[in-house]
Every structure is written in C-alpha cells, then in structure tokens.
Amino acid sequence: MPPEAVGFRKRAYMADTPGSEAAFRQYVLPEVDVLYRVGRSLTRNHADTEDLVQETLIRAYRAIDRFDGRHPRAWLLTILRNAQINRTRRRRPELLHDPDVELERLASTSIGDQDDPEHQVVDPVFDANVQAALDALPDRFRRPVELVDLAGLSYQEAASQLDVPVGTVMSRLHRARKRMREHLDRAGFGLEELD
Amino acid sequence: MRLLPRLFRRLPRDCARVGKVLQQYLDTELDAATASEVLSHLEECRDCGLEAATYRRIKASVARSGVPDPDEVANLRAFAEELAAGGPSESADRD
C-alpha cells in the first residue's frame, strides 16, 4: 500500500466542486481496466499493481477538478507513470523483478475470458515460451510490446507513456517481435508448426 | 468494383512492402484502405499469410498473459467507486 493511501479517512480525498464526482465517474471509472493492465506491465506482480492503480486513482481524484476532459486515458497514464516513478525511487530496483514473484505470476495467469476467438485456442507450452521470449527482451523493447499487446494502447498512447516518438515505438515493436519470433523459432515454434 | 489500385499484389516487392507495414496492420494502426490491401495480399500470398498468422498468435499470447484477474479489477473498481462517492470509508483502510 502506498504511504499516501495508508491511514486515509472518510472523505479525505473528496474533491471540491460539485461536478467532481460526475467527472471522476465519466473519465476515470471506464479506464480502470486499462490502468490495471498497464500497471501490471510496469510492476509485473498483482500486489504492486493493485497498490499502484489505487495510488493512481487517488491522485486522479485529487486532480479531477483541474482536468479539462480531453484525452482521459493519456492523462491517467501520465499519472500512473509518475506514480510508478515515485514508487521505484522508494524501492530497491531489484525487488521489481523478483524471479520467484515472476514465476508465481506466470503460474497464476488467468486465461480464457476473452471475446476474441484467437484467445480461445490456448497452448500453455507456446504461451510459456512467448512469456520467456518477452521476459528476455531488454526493457526498452519489452515495454512497447506490453503496452500495445497487453494493455491495448495505441501507438500514440504508448509513445506518450514511454515519452518517446511514435516512430520509436514502431521500430522497437518491430525489433521486439522479431526477437520474440526468433526465440520461438529456436524453441521449435517455427512457421510450419504454427500453420 | 475496386475503386482503389492494388497496392500489394503477389510480387516479391509487394511482399516486402507488406512486410514493412505488417506490424501496423496487426495493431490496427493502418488506414482502412491500406489495411484492406494488406488483407488481400495476406489472403493470396501463403508466405506472408503465415508470417501474419505467426505474429498474430504471438500477440494473442501476450494479450492472454495480461488478462486481469476479475476479482482484482472488481476490487479496484469498488475502490474507484468509493472515491467517486466522496472518499473511501474507514473500513477500506488497509496496511
């Protein structure tokens, strides 16, 4: 739990204007799922994700009166990113990628709740190899893949989140996926096996 | 009737052109006209079709890995609802 969220009391975060609740409901509540997905790509474990998203929601609530209503997702993702930067500064970096936590995350991944038919054909061995290929990428390549494929962000949204140009997101995505594919090829998941 | 020229046919150079925009196509970042031409090429060209299927399967796998636990998202939604209603109650305090 982030320090800001510990020990809070009823209405401690109440915004000032009458429209605050409506604005929060309109702009923030629909984005909780995306915040969770992006948060998880940043923290890589459930508990930290929950803390990070809660902290983001509190910060958004405090700032909702100053939000102009344009691009709420980008606004929220900026808040989330800043919250994560602060969290990282408070923690030892090596704790963010504890391999045991990562294995637990992999083992407990929930699947099968997607509308897309492609998601219904699940091969745990393939998925484990994809995860290994993703984990093997340097952060600068892994993050665009997670933001676009895992969190469902557009290139522009991912670029804002990463604070790089859209072209950089595109080139890193391309290189990251090529590396992942090569990893899968070496693991025996070549083109013919996927046909 | 096709109003648009066939940008990507089954020629080696067309495969190369499709290859350059394939990732954008899979990420639905192309305009509709270009995406339609890419799709036509992928349906006609086995190699490019396989290439696309490979990357599509990898994308789907990554997406699966991020499917949130419904309970966790529900908890966060409840937290957000409490904020929207004027702030979390004391019972929501946690260590």
# chains A, B, ... in the order shown; residues from 1 in each chain; ligands from 1
call {"tool": "residues_around", "arguments": {"residues": "segment 166-175 of chain A", "least_positions_apart": "4", "cutoff": "7 Å", "atoms": "only C-alpha atoms", "output": "VMD selection string"}}
result
(chain A and resid 141 144 to 145 155 to 156 159 179) or (chain B and resid 23)
call {"tool": "interface_residues", "arguments": {"of": "chain B", "to": "chain A", "cutoff": "8 Å", "atoms": "only C-alpha atoms", "output": "PyMOL selection string"}}
result
chain B and resi 23-24+27+29+50-51+53-55+57-69+72-73+76-77+79-81+83-90+93-95
call {"tool": "closest_residue", "arguments": {"among": "B:His41, B:Arg13, B:Arg46, B:Ala78", "to": "Tyr25 of chain B", "atoms": "only C-alpha atoms"}}
result
B:His41
call {"tool": "atom_distance", "arguments": {"atom1": "atom CA of Arg81 of chain A", "atom2": "atom CA of Leu137 of chain A"}}
result
20.5 Å
call {"tool": "atom_distance", "arguments": {"atom1": "atom CA of Asp68 of chain A", "atom2": "atom CA of Thr28 of chain B"}}
result
28.1 Å
call {"tool": "closest_residue", "arguments": {"among": "B:Leu26, B:Val21, B:Ala16, B:Ala32", "to": "Arg56 of chain B", "atoms": "only C-alpha atoms"}}
result
B:Leu26
call {"tool": "atom_distance", "arguments": {"atom1": "atom CA of Val164 of chain A", "atom2": "atom CA of Trp75 of chain A"}}
result
16.1 Å
